[in-house]
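Structure file structure_24.cif (mmCIF, C-alpha atoms (C1' of nucleotides)) is printed below.
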```cif
data_run
#
loop_
_atom_site.label_atom_id
_atom_site.label_comp_id
_atom_site.auth_asym_id
_atom_site.auth_seq_id
_atom_site.Cartn_x
_atom_site.Cartn_y
_atom_site.Cartn_z
CA MET A 220 0.00 0.00 0.00
CA GLU A 221 2.69 2.48 1.01
CA ILE A 222 4.67 1.71 -2.11
CA LYS A 223 1.85 2.96 -4.32
CA LEU A 224 1.98 6.37 -2.66
CA LYS A 225 5.76 6.47 -2.91
CA ASP A 226 5.75 5.53 -6.59
CA HIS A 227 3.07 8.13 -7.18
CA ILE A 228 5.09 10.93 -5.59
CA ASP A 229 8.32 9.73 -7.17
CA LYS A 230 6.87 10.23 -10.63
CA LEU A 231 7.01 13.98 -10.04
CA ILE A 232 9.51 14.39 -7.20
CA PRO A 233 11.88 11.52 -6.35
CA LEU A 234 12.21 10.97 -2.59
CA THR A 235 14.75 9.06 -0.54
CA ASP A 236 13.43 6.28 1.69
CA ASP A 237 13.97 8.44 4.74
CA GLU A 238 12.12 11.32 3.18
CA PHE A 239 9.23 9.08 2.27
CA ALA A 240 9.08 7.63 5.78
CA PHE A 241 8.82 11.19 7.05
CA VAL A 242 6.09 11.98 4.52
CA LEU A 243 4.17 8.85 5.44
CA SER A 244 4.17 9.76 9.13
CA HIS A 245 1.83 12.63 8.28
CA PHE A 246 -0.78 10.39 6.68
CA LYS A 247 -3.47 8.13 8.09
CA PHE A 248 -4.32 4.83 6.42
CA GLU A 249 -8.06 4.24 6.12
CA LYS A 250 -10.48 1.72 4.59
CA TYR A 251 -14.04 2.46 3.60
CA HIS A 252 -16.92 0.40 2.32
CA LYS A 253 -19.13 0.96 -0.69
CA ASN A 254 -21.60 3.80 -0.04
CA ASP A 255 -19.59 5.15 2.92
CA PHE A 256 -19.17 8.90 3.07
CA LEU A 257 -15.71 10.42 3.50
CA ILE A 258 -17.16 13.93 3.31
CA GLN A 259 -20.75 14.98 3.98
CA GLN A 260 -22.18 18.16 2.52
CA GLY A 261 -22.64 20.69 5.34
CA GLU A 262 -20.08 19.13 7.68
CA ASP A 263 -16.42 19.87 8.39
CA VAL A 264 -13.75 18.70 5.99
CA ASP A 265 -10.80 17.53 8.05
CA ASP A 266 -8.86 15.67 5.42
CA CYS A 267 -7.61 15.47 1.89
CA TYR A 268 -7.41 11.96 0.39
CA TYR A 269 -5.07 9.98 -1.82
CA VAL A 270 -6.90 6.99 -3.33
CA VAL A 271 -4.86 3.79 -3.19
CA THR A 272 -7.57 1.49 -4.53
CA GLY A 273 -11.29 1.84 -5.10
CA LEU A 274 -13.53 4.48 -6.61
CA LEU A 275 -15.24 7.56 -5.22
CA LYS A 276 -17.66 10.18 -6.45
CA LEU A 277 -17.56 13.87 -5.55
CA ILE A 278 -21.19 15.01 -5.51
CA TYR A 279 -22.83 18.39 -5.49
CA MET A 280 -26.49 18.41 -4.51
CA ASP A 281 -28.53 21.33 -5.86
CA GLN A 282 -31.48 23.09 -4.22
CA GLY A 283 -33.88 20.68 -5.91
CA GLY A 284 -32.11 17.74 -4.30
CA LYS A 285 -30.66 16.56 -7.59
CA GLN A 286 -27.17 15.09 -7.40
CA HIS A 287 -24.41 16.07 -9.82
CA ILE A 288 -21.08 14.31 -10.18
CA VAL A 289 -18.35 16.92 -10.00
CA SER A 290 -15.63 14.33 -10.24
CA PHE A 291 -14.83 10.65 -10.03
CA ALA A 292 -11.77 9.79 -7.93
CA MET A 293 -9.92 6.70 -9.04
CA GLU A 294 -6.67 5.03 -8.06
CA ASP A 295 -3.82 7.55 -7.70
CA TRP A 296 -6.17 10.53 -7.47
CA TRP A 297 -6.19 13.19 -4.81
CA GLU A 298 -9.63 14.31 -3.80
CA SER A 299 -11.47 16.42 -1.26
CA ASP A 300 -13.80 19.37 -1.14
CA PHE A 301 -10.72 21.51 -1.56
CA SER A 302 -12.49 24.78 -1.02
CA ALA A 303 -13.82 23.65 2.36
CA PHE A 304 -10.58 21.84 3.19
CA PHE A 305 -8.30 24.82 2.61
CA THR A 306 -10.59 27.39 4.20
CA GLN A 307 -11.72 25.05 6.99
CA SER A 308 -15.35 25.72 6.20
CA LYS A 309 -18.35 23.44 5.81
CA ALA A 310 -18.43 21.10 2.84
CA LYS A 311 -20.43 22.17 -0.19
CA MET A 312 -20.01 18.70 -1.68
CA SER A 313 -20.03 15.09 -0.52
CA LEU A 314 -17.40 12.45 -1.20
CA GLN A 315 -18.83 8.93 -1.29
CA CYS A 316 -17.52 5.47 -2.13
CA ILE A 317 -18.76 3.79 -5.29
CA GLU A 318 -16.62 0.75 -4.43
CA ASN A 319 -14.78 -0.38 -1.33
CA THR A 320 -11.94 2.10 -1.11
CA VAL A 321 -8.54 2.40 0.55
CA VAL A 322 -7.00 5.84 1.07
CA PHE A 323 -4.23 7.77 2.72
CA SER A 324 -5.62 10.88 4.36
CA ILE A 325 -3.92 14.03 5.59
CA SER A 326 -5.23 16.89 7.69
CA LEU A 327 -4.74 20.52 6.73
CA SER A 328 -2.31 21.12 9.59
CA ASP A 329 -0.24 18.10 8.57
CA TYR A 330 -0.45 19.19 4.93
CA GLN A 331 0.94 22.58 5.88
CA LYS A 332 3.49 21.17 8.30
CA LEU A 333 4.73 18.71 5.70
CA SER A 334 4.93 21.42 3.06
CA THR A 335 7.02 23.60 5.34
CA GLU A 336 9.28 20.90 6.69
CA LEU A 337 9.96 19.22 3.36
CA PRO A 338 10.11 21.69 0.45
CA LYS A 339 10.08 18.80 -2.00
CA MET A 340 6.53 18.06 -0.90
CA GLU A 341 5.43 21.63 -1.30
CA ARG A 342 6.78 21.38 -4.83
CA PHE A 343 4.86 18.14 -5.28
CA PHE A 344 1.60 19.64 -4.01
CA LEU A 345 2.09 22.67 -6.24
CA GLN A 346 2.55 20.49 -9.32
CA LYS A 347 -0.47 18.37 -8.37
CA SER A 348 -2.59 21.46 -7.88
CA ASN A 349 -1.53 22.84 -11.24
CA LEU A 350 -2.44 19.56 -12.90
CA GLY A 351 -5.81 19.58 -11.18
CA HIS A 352 -6.45 23.10 -12.35
CA ILE A 353 -5.57 22.15 -15.92
CA ALA A 354 -7.85 19.09 -15.78
CA SER A 355 -10.76 21.20 -14.60
CA GLN A 356 -10.13 23.70 -17.35
CA ASN A 357 -10.19 20.93 -19.93
CA ARG A 358 -13.56 19.83 -18.60
CA ILE A 359 -14.83 23.40 -18.95
CA ILE A 360 -13.60 23.46 -22.55
CA SER A 361 -15.44 20.20 -23.11
CA PHE A 362 -18.68 21.79 -21.86
CA LEU A 363 -18.14 24.86 -24.04
CA THR A 364 -17.27 23.10 -27.26
CA SER A 365 -18.99 19.72 -27.26
CA SER A 366 -22.45 18.24 -27.35
CA ALA A 367 -23.55 15.60 -24.86
CA ASN A 368 -22.73 12.95 -27.46
CA GLU A 369 -19.20 14.26 -27.98
CA ARG A 370 -18.57 14.61 -24.25
CA TYR A 371 -19.66 11.01 -23.86
CA GLU A 372 -17.21 9.84 -26.51
CA GLN A 373 -14.39 11.88 -24.99
CA LEU A 374 -15.03 10.34 -21.59
CA LEU A 375 -15.19 6.87 -23.08
CA LYS A 376 -11.85 7.47 -24.76
CA GLN A 377 -10.18 8.99 -21.71
CA TYR A 378 -11.40 6.54 -19.07
CA PRO A 379 -12.49 3.34 -20.84
CA THR A 380 -12.41 1.37 -17.57
CA LEU A 381 -15.02 3.64 -15.96
CA PHE A 382 -17.82 2.06 -17.96
CA GLN A 383 -17.53 -1.30 -16.30
CA ARG A 384 -17.40 0.31 -12.87
CA VAL A 385 -20.16 2.92 -12.68
CA SER A 386 -23.82 3.03 -13.65
CA LYS A 387 -25.06 4.92 -16.68
CA THR A 388 -27.04 7.08 -14.32
CA LEU A 389 -23.83 8.30 -12.66
CA LEU A 390 -22.10 8.81 -16.00
CA ALA A 391 -25.05 10.92 -17.15
CA SER A 392 -24.78 12.98 -13.98
CA TYR A 393 -21.07 13.52 -14.67
CA LEU A 394 -21.70 14.52 -18.28
CA GLY A 395 -24.45 16.94 -17.33
CA VAL A 396 -27.29 15.22 -19.20
CA SER A 397 -30.31 13.20 -18.13
CA ARG A 398 -30.11 9.44 -17.81
CA GLU A 399 -32.61 9.09 -20.66
CA THR A 400 -30.60 11.28 -23.03
CA LEU A 401 -27.40 9.34 -22.34
CA SER A 402 -29.29 6.11 -23.01
CA ARG A 403 -30.25 7.42 -26.45
CA LEU A 404 -26.80 8.61 -27.54
CA SER A 405 -25.47 6.97 -30.68
CA SER A 406 -22.11 5.36 -30.04
CA MET B 243 2.44 49.53 -10.77
CA GLU B 244 4.81 47.48 -8.63
CA ILE B 245 2.78 48.26 -5.51
CA LYS B 246 -0.25 46.49 -6.96
CA LEU B 247 1.69 43.26 -7.30
CA LYS B 248 3.13 43.61 -3.81
CA ASP B 249 -0.27 44.26 -2.25
CA HIS B 250 -1.65 41.31 -4.17
CA ILE B 251 0.99 38.92 -2.86
CA ASP B 252 0.84 40.40 0.64
CA LYS B 253 -2.82 39.45 0.91
CA LEU B 254 -1.78 35.80 1.07
CA ILE B 255 1.89 35.92 2.07
CA PRO B 256 3.34 39.13 3.57
CA LEU B 257 6.75 39.99 2.15
CA THR B 258 9.47 42.34 3.34
CA ASP B 259 10.53 45.09 0.98
CA ASP B 260 13.77 43.25 0.27
CA GLU B 261 11.93 40.06 -0.47
CA PHE B 262 9.58 41.84 -2.82
CA ALA B 263 12.46 43.53 -4.62
CA PHE B 264 13.91 40.07 -5.15
CA VAL B 265 10.58 38.77 -6.39
CA LEU B 266 10.17 41.68 -8.75
CA SER B 267 13.57 41.06 -10.33
CA HIS B 268 12.14 37.86 -11.82
CA PHE B 269 9.30 39.65 -13.62
CA LYS B 270 9.11 41.65 -16.81
CA PHE B 271 6.86 44.68 -17.08
CA GLU B 272 4.90 44.78 -20.34
CA LYS B 273 2.20 46.85 -22.01
CA TYR B 274 -0.16 45.59 -24.69
CA HIS B 275 -2.80 47.18 -26.86
CA LYS B 276 -6.37 46.11 -27.43
CA ASN B 277 -6.52 43.05 -29.72
CA ASP B 278 -2.85 42.20 -29.14
CA PHE B 279 -2.08 38.54 -28.53
CA LEU B 280 -0.02 37.51 -25.50
CA ILE B 281 -0.40 33.85 -26.45
CA GLN B 282 -1.23 32.41 -29.85
CA GLN B 283 -2.77 28.98 -30.25
CA GLY B 284 -0.15 26.62 -31.70
CA GLU B 285 2.85 28.66 -30.59
CA ASP B 286 5.18 28.45 -27.59
CA VAL B 287 4.05 29.75 -24.22
CA ASP B 288 7.04 31.43 -22.61
CA ASP B 289 5.31 33.33 -19.85
CA CYS B 290 2.68 33.42 -17.17
CA TYR B 291 1.01 36.79 -16.60
CA TYR B 292 -0.18 38.88 -13.68
CA VAL B 293 -2.70 41.48 -14.88
CA VAL B 294 -2.06 44.93 -13.38
CA THR B 295 -4.71 46.77 -15.38
CA GLY B 296 -6.80 45.91 -18.41
CA LEU B 297 -8.79 42.91 -19.54
CA LEU B 298 -7.93 39.75 -21.44
CA LYS B 299 -9.77 36.77 -22.85
CA LEU B 300 -8.47 33.21 -22.87
CA ILE B 301 -9.88 31.62 -26.03
CA TYR B 302 -10.17 28.08 -27.24
CA MET B 303 -10.91 27.67 -30.95
CA ASP B 304 -12.64 24.43 -31.92
CA GLN B 305 -12.26 22.46 -35.16
CA GLY B 306 -15.10 24.42 -36.73
CA GLY B 307 -13.26 27.67 -36.10
CA LYS B 308 -15.71 28.78 -33.43
CA GLN B 309 -14.17 30.66 -30.51
CA HIS B 310 -15.01 29.86 -26.90
CA ILE B 311 -14.08 31.99 -23.91
CA VAL B 312 -12.42 29.75 -21.36
CA SER B 313 -11.75 32.65 -19.02
CA PHE B 314 -11.65 36.39 -18.69
CA ALA B 315 -8.55 37.77 -16.95
CA MET B 316 -9.11 40.98 -15.05
CA GLU B 317 -7.03 43.11 -12.71
CA ASP B 318 -5.17 40.99 -10.15
CA TRP B 319 -5.63 37.77 -12.10
CA TRP B 320 -2.94 35.33 -13.10
CA GLU B 321 -3.39 33.89 -16.54
CA SER B 322 -1.68 31.76 -19.15
CA ASP B 323 -2.24 28.56 -21.05
CA PHE B 324 -1.01 26.79 -17.93
CA SER B 325 -0.92 23.38 -19.52
CA ALA B 326 1.39 24.59 -22.28
CA PHE B 327 3.32 26.83 -19.90
CA PHE B 328 4.17 24.13 -17.38
CA THR B 329 4.90 21.43 -19.92
CA GLN B 330 6.62 23.80 -22.37
CA SER B 331 4.41 22.63 -25.19
CA LYS B 332 2.46 24.47 -27.88
CA ALA B 333 -0.50 26.56 -26.81
CA LYS B 334 -3.96 25.03 -27.16
CA MET B 335 -5.49 28.41 -26.41
CA SER B 336 -4.92 32.06 -27.22
CA LEU B 337 -4.70 34.95 -24.77
CA GLN B 338 -5.83 38.23 -26.29
CA CYS B 339 -6.42 41.76 -25.02
CA ILE B 340 -9.99 43.04 -24.85
CA GLU B 341 -8.65 46.37 -23.55
CA ASN B 342 -5.22 47.96 -23.38
CA THR B 343 -3.50 45.88 -20.76
CA VAL B 344 -0.50 46.12 -18.43
CA VAL B 345 1.06 42.96 -17.02
CA PHE B 346 3.97 41.51 -15.13
CA SER B 347 5.19 38.38 -16.85
CA ILE B 348 7.41 35.58 -15.64
CA SER B 349 9.06 32.74 -17.53
CA LEU B 350 8.86 29.13 -16.37
CA SER B 351 12.54 29.05 -15.43
CA ASP B 352 12.16 32.22 -13.37
CA TYR B 353 8.97 30.84 -11.85
CA GLN B 354 10.84 27.74 -10.75
CA LYS B 355 13.92 29.64 -9.68
CA LEU B 356 11.84 32.03 -7.61
CA SER B 357 9.90 29.17 -6.03
CA THR B 358 13.11 27.44 -5.02
CA GLU B 359 14.99 30.50 -3.81
CA LEU B 360 12.11 31.99 -1.85
CA PRO B 361 9.87 29.36 -0.23
CA LYS B 362 7.32 32.02 0.61
CA MET B 363 6.68 32.38 -3.11
CA GLU B 364 6.28 28.66 -3.61
CA ARG B 365 3.67 28.84 -0.86
CA PHE B 366 2.06 31.76 -2.63
CA PHE B 367 1.95 29.98 -5.99
CA LEU B 368 0.54 26.87 -4.32
CA GLN B 369 -2.27 28.85 -2.72
CA LYS B 370 -3.00 30.63 -5.99
CA SER B 371 -3.10 27.35 -7.87
CA ASN B 372 -5.47 25.86 -5.31
CA LEU B 373 -7.75 28.88 -5.63
CA GLY B 374 -7.66 28.57 -9.42
CA HIS B 375 -8.56 24.91 -9.20
CA ILE B 376 -11.48 25.70 -6.90
CA ALA B 377 -12.71 28.46 -9.22
CA SER B 378 -12.66 26.11 -12.19
CA GLN B 379 -14.54 23.49 -10.22
CA ASN B 380 -17.20 26.03 -9.32
CA ARG B 381 -17.61 26.82 -13.00
CA ILE B 382 -18.06 23.10 -13.71
CA ILE B 383 -20.71 22.91 -10.99
CA SER B 384 -22.40 25.88 -12.63
CA PHE B 385 -22.52 24.02 -15.95
CA LEU B 386 -23.85 20.88 -14.27
CA THR B 387 -26.55 22.48 -12.18
CA SER B 388 -27.70 25.63 -13.95
CA SER B 389 -29.49 26.70 -17.10
CA ALA B 390 -28.04 29.36 -19.37
CA ASN B 391 -30.33 31.86 -17.68
CA GLU B 392 -29.09 30.96 -14.22
CA ARG B 393 -25.45 30.98 -15.30
CA TYR B 394 -26.02 34.44 -16.73
CA GLU B 395 -27.46 35.70 -13.43
CA GLN B 396 -24.61 34.14 -11.46
CA LEU B 397 -22.05 35.84 -13.70
CA LEU B 398 -23.87 39.15 -13.42
CA LYS B 399 -23.82 38.84 -9.65
CA GLN B 400 -20.18 37.77 -9.42
CA TYR B 401 -18.67 40.23 -11.89
CA PRO B 402 -21.10 43.12 -12.32
CA THR B 403 -18.40 45.31 -13.88
CA LEU B 404 -17.84 42.89 -16.73
CA PHE B 405 -21.04 43.95 -18.45
CA GLN B 406 -19.84 47.42 -19.23
CA ARG B 407 -16.53 46.09 -20.53
CA VAL B 408 -17.26 43.18 -22.87
CA SER B 409 -19.72 42.55 -25.68
CA LYS B 410 -22.72 40.31 -25.28
CA THR B 411 -21.22 38.09 -27.92
CA LEU B 412 -18.21 37.41 -25.71
CA LEU B 413 -20.37 36.87 -22.64
CA ALA B 414 -22.44 34.34 -24.57
CA SER B 415 -19.25 32.58 -25.61
CA TYR B 416 -18.18 32.43 -21.96
CA LEU B 417 -21.55 31.10 -20.82
CA GLY B 418 -21.65 28.46 -23.53
CA VAL B 419 -24.78 29.69 -25.32
CA SER B 420 -25.41 31.40 -28.61
CA ARG B 421 -25.47 35.17 -28.87
CA GLU B 422 -29.15 35.07 -29.79
CA THR B 423 -30.11 32.99 -26.78
CA LEU B 424 -28.28 35.32 -24.42
CA SER B 425 -30.06 38.25 -25.99
CA ARG B 426 -33.39 36.64 -25.17
CA LEU B 427 -32.69 35.76 -21.52
CA SER B 428 -35.10 37.29 -19.04
CA SER B 429 -33.27 39.37 -16.46
"C1'" DG C 261 -36.54 -19.69 -4.49
"C1'" DT C 262 -38.97 -15.29 -3.88
"C1'" DT C 263 -39.28 -10.52 -3.16
"C1'" DC C 264 -37.33 -6.12 -3.51
"C1'" DT C 265 -34.67 -2.77 -5.45
"C1'" DA C 266 -31.54 -0.48 -8.59
"C1'" DG C 267 -30.48 -0.01 -13.20
"C1'" DT C 268 -31.81 0.47 -17.95
"C1'" DG C 269 -34.35 1.32 -22.42
"C1'" DT C 270 -37.93 3.70 -24.88
"C1'" DG C 271 -42.20 6.31 -26.26
"C1'" DA C 272 -44.65 10.83 -25.98
"C1'" DC C 273 -44.55 15.42 -25.21
"C1'" DA C 274 -42.72 19.99 -23.64
"C1'" DA C 275 -38.98 23.19 -22.88
"C1'" DA C 276 -34.56 25.00 -24.01
"C1'" DC C 277 -31.52 26.23 -27.29
"C1'" DA C 278 -29.15 26.69 -32.05
"C1'" DT C 279 -29.30 28.39 -36.49
"C1'" DC C 280 -30.51 31.39 -40.25
"C1'" DA C 281 -32.14 35.71 -41.67
"C1'" DC C 282 -32.69 40.56 -41.52
"C1'" DA C 283 -33.07 45.18 -39.65
"C1'" DA C 284 -31.52 48.83 -36.57
"C1'" DT C 285 -27.97 50.89 -34.03
"C1'" DT C 286 -23.40 51.91 -32.53
"C1'" DT C 287 -18.54 51.98 -33.07
"C1'" DT C 288 -14.43 52.20 -35.73
"C1'" DA C 289 -11.40 53.76 -39.13
"C1'" DA C 290 -10.00 56.27 -43.11
"C1'" DT D 63 -17.43 63.44 -41.76
"C1'" DT D 64 -18.58 59.44 -43.88
"C1'" DA D 65 -18.34 54.75 -45.19
"C1'" DA D 66 -17.41 50.25 -43.40
"C1'" DA D 67 -17.59 47.06 -39.77
"C1'" DA D 68 -19.18 45.39 -35.48
"C1'" DT D 69 -22.90 44.88 -32.23
"C1'" DT D 70 -27.47 43.87 -30.91
"C1'" DG D 71 -32.41 42.55 -31.04
"C1'" DT D 72 -35.92 39.63 -32.84
"C1'" DG D 73 -38.77 36.46 -35.81
"C1'" DA D 74 -39.15 31.76 -37.83
"C1'" DT D 75 -37.94 27.14 -37.67
"C1'" DG D 76 -35.59 22.80 -36.52
"C1'" DT D 77 -32.75 20.16 -33.30
"C1'" DT D 78 -31.43 18.76 -28.88
"C1'" DT D 79 -32.49 17.70 -24.42
"C1'" DG D 80 -35.49 17.24 -20.18
"C1'" DT D 81 -39.44 15.23 -18.01
"C1'" DC D 82 -42.91 11.86 -17.16
"C1'" DA D 83 -44.43 7.33 -17.76
"C1'" DC D 84 -44.03 2.50 -18.12
"C1'" DA D 85 -41.90 -2.01 -18.94
"C1'" DC D 86 -38.08 -5.10 -18.53
"C1'" DT D 87 -33.93 -7.09 -16.45
"C1'" DA D 88 -30.46 -8.40 -13.17
"C1'" DG D 89 -28.70 -8.69 -8.91
"C1'" DA D 90 -29.21 -8.24 -3.68
"C1'" DA D 91 -31.53 -9.40 0.49
"C1'" DC D 92 -34.38 -12.41 2.91
#
```

Before anything else, please render the file you have as structure tokens.
Amino acid sequence: MEIKLKDHIDKLIPLTDDEFAFVLSHFKFEKYHKNDFLIQQGEDVDDCYYVVTGLLKLIYMDQGGKQHIVSFAMEDWWESDFSAFFTQSKAKMSLQCIENTVVFSISLSDYQKLSTELPKMERFFLQKSNLGHIASQNRIISFLTSSANERYEQLLKQYPTLFQRVSKTLLASYLGVSRETLSRLSS
Amino acid sequence: MEIKLKDHIDKLIPLTDDEFAFVLSHFKFEKYHKNDFLIQQGEDVDDCYYVVTGLLKLIYMDQGGKQHIVSFAMEDWWESDFSAFFTQSKAKMSLQCIENTVVFSISLSDYQKLSTELPKMERFFLQKSNLGHIASQNRIISFLTSSANERYEQLLKQYPTLFQRVSKTLLASYLGVSRETLSRLSS
DNA sequence: GTTCTAGTGTGACAAACATCACAATTTTAA
DNA sequence: TTAAAATTGTGATGTTTGTCACACTAGAAC
């Protein structure tokens, strides 16, 4: 389990074994079951999560009670309600397991402590944040330029494995179309 | 001009005058005219920009030649084609002046040098990147949960000044609807 | 096995939105 | 100033998508 996190960090910023042991001491190892909530809308967000195995959905529930998938979090992804996490405010989104899931979690104080004590990790977090920003921007471009059908094909191309793991209803919610519309799309 | 950048950084990470002088030595001061391009789709992206005064649009052009506004960049905003900037690849977007614009620009090597030499700035860039990521995610939520009409009202509420500064055509392109539809929206 | 539930497909209809067309107005540039 | 270009509003029409309804299936719980 630990080796997955080390390999993941090493891809961007190589660490010595000692450095990684120090990094690891800031994380908690946690297991969750399908349907468990890691974050509940309206409650505090203590942690940020690295997904070792499993699958999560980041959900925003609108005034009408309709759920929207802001993001899926798969193996090797970092996820949280970052806005609430960084500002220590109440969650505007929920983070829930689609499958049994294993994570490393880190609190904001440990995140900041680690960043200060080990500049390599601050560099790592910066690069991760930049990549997350870029990914979100690409999703925005997809909304601006593509029809539901095209967004569906893009998703299928980018994450082919997702289709065996999540229901069409959830995919529709991620794509921003109704379940019925997704069901009628061509390819 | 310099004081605006200092105040901007100070809001997140207070700097001494010496530190700021060091920071400033990594930036270039540049002036552009309306319609000038800071970044051209398909070309190299040397710099990341801090907007002192003026207004820019970050544009993505699709295969059909239609332009989509990925982002407006106003006073105090940081903008670039970050994907191309960080990976030193060709721009997938263009950055163009809507008004005469004054910026501080920084190259990737100076960005990295500054981050390494002054940890406070790495912290600053990390916080900025996190905020950018959160902003993009909010825009995604807006696409998922809201109609064109609602997105229009949200934009009007969030950036009331924008409406005196940019054409309805550009606003429509930002909202992801046609010019005609925007023209017909209620409020 | 049987029941219960979640997931899925599809028809019918309504709402939202895009596209094309054209006119009126404002802004820009020579 | 004056002609050209850009901006905006609006009608007509077709496409896309949402919503409601119902039937079917597969897997989970008992």

Give me the result of the PyMOL selection byres ((chain B) within 12 of (chain D)) on this file, residue by residue, as a count of residues only. 13

Enumerate as an MDAnalysis selection string the residues belonging to chain B that approach chain A to within 10 Å, with all atoms listed in the file taken into account. chainID B and resid 301:306 308:313 323:326 328 354 357:358 361:362 364:383 385:388 415:419

Tell me, in Å to one decimal, how far atom CA of B:Leu297 is from atom CA of B:Leu280.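 Atom-to-atom, atom CA of B:Leu297 to atom CA of B:Leu280, that is 11.9 Å.
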
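Taking only C-alpha atoms (C1' of nucleotides) into account, those protein, DNA and RNA residues with any atom at most 12 Å away from (5.3, 22.0, -23.2) amount to B:Gly284, B:Glu285, B:Asp286, B:Val287, B:Asp288, B:Asp289, B:Asp323, B:Phe324, B:Ser325, B:Ala326, B:Phe327, B:Phe328, B:Thr329, B:Gln330, B:Ser331, B:Lys332, B:Ala333, B:Lys334, B:Leu350.
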
In Å, how far is it from atom CA of A:Trp297 to atom CA of A:Val270?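 Between atom CA of A:Trp297 and atom CA of A:Val270 the gap is 6.4 Å.
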
Rounded to one decimal in Å, what is the spacing between atom CA of B:Ser349 and atom CA of B:Ile251? 17.8 Å

Please find the residues of chain C near chain A - the criterion being any atom within 10 Å, counting only C-alpha atoms (C1' of nucleotides) - and write them as a list in words. DA266, DG267, DT268, DG269 and DT270 of chain C

I'd like to know which of A:His252, A:Lys376, A:His245, A:Lys223 is closest to A:Leu333, using only C-alpha atoms.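 Nearest to A:Leu333: A:His245.
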
Compile the contact shell of A:Lys276 as number ranges by chain: residues with an atom at most 6 Å away, counting only C-alpha atoms (C1' of nucleotides), same-chain residues fewer than 2 positions apart removed. A: 290-291, 314-315

I'd like the contact shell of B:Leu398 - 12 Å cut-off, all atoms listed in the file, skipping same-chain residues fewer than 6 positions apart - returned as a PyMOL selection string. chain B and resi 391-392+404-406+410+413+417+429

Using the chain letters and numbers from the file, give me the residues hit by the PyMOL selection byres ((chain A and resi 234) around 12), as a list in words.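 When the PyMOL selection byres ((chain A and resi 234) around 12) is applied to the shown file, the picked residues are Ile222, Leu224, Lys225, Asp226, His227, Ile228, Asp229, Lys230, Leu231, Ile232, Pro233, Thr235, Asp236, Asp237, Glu238, Phe239, Ala240, Phe241, Val242, Leu243, Leu337, Pro338, Lys339, Met340, Arg342 and Phe343 of chain A.
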
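What the PyMOL selection byres ((chain A and resi 246) around 6) picks from this file is Leu243, Ser244, His245, Lys247, Phe323, Ser324 and Ile325 of chain A.
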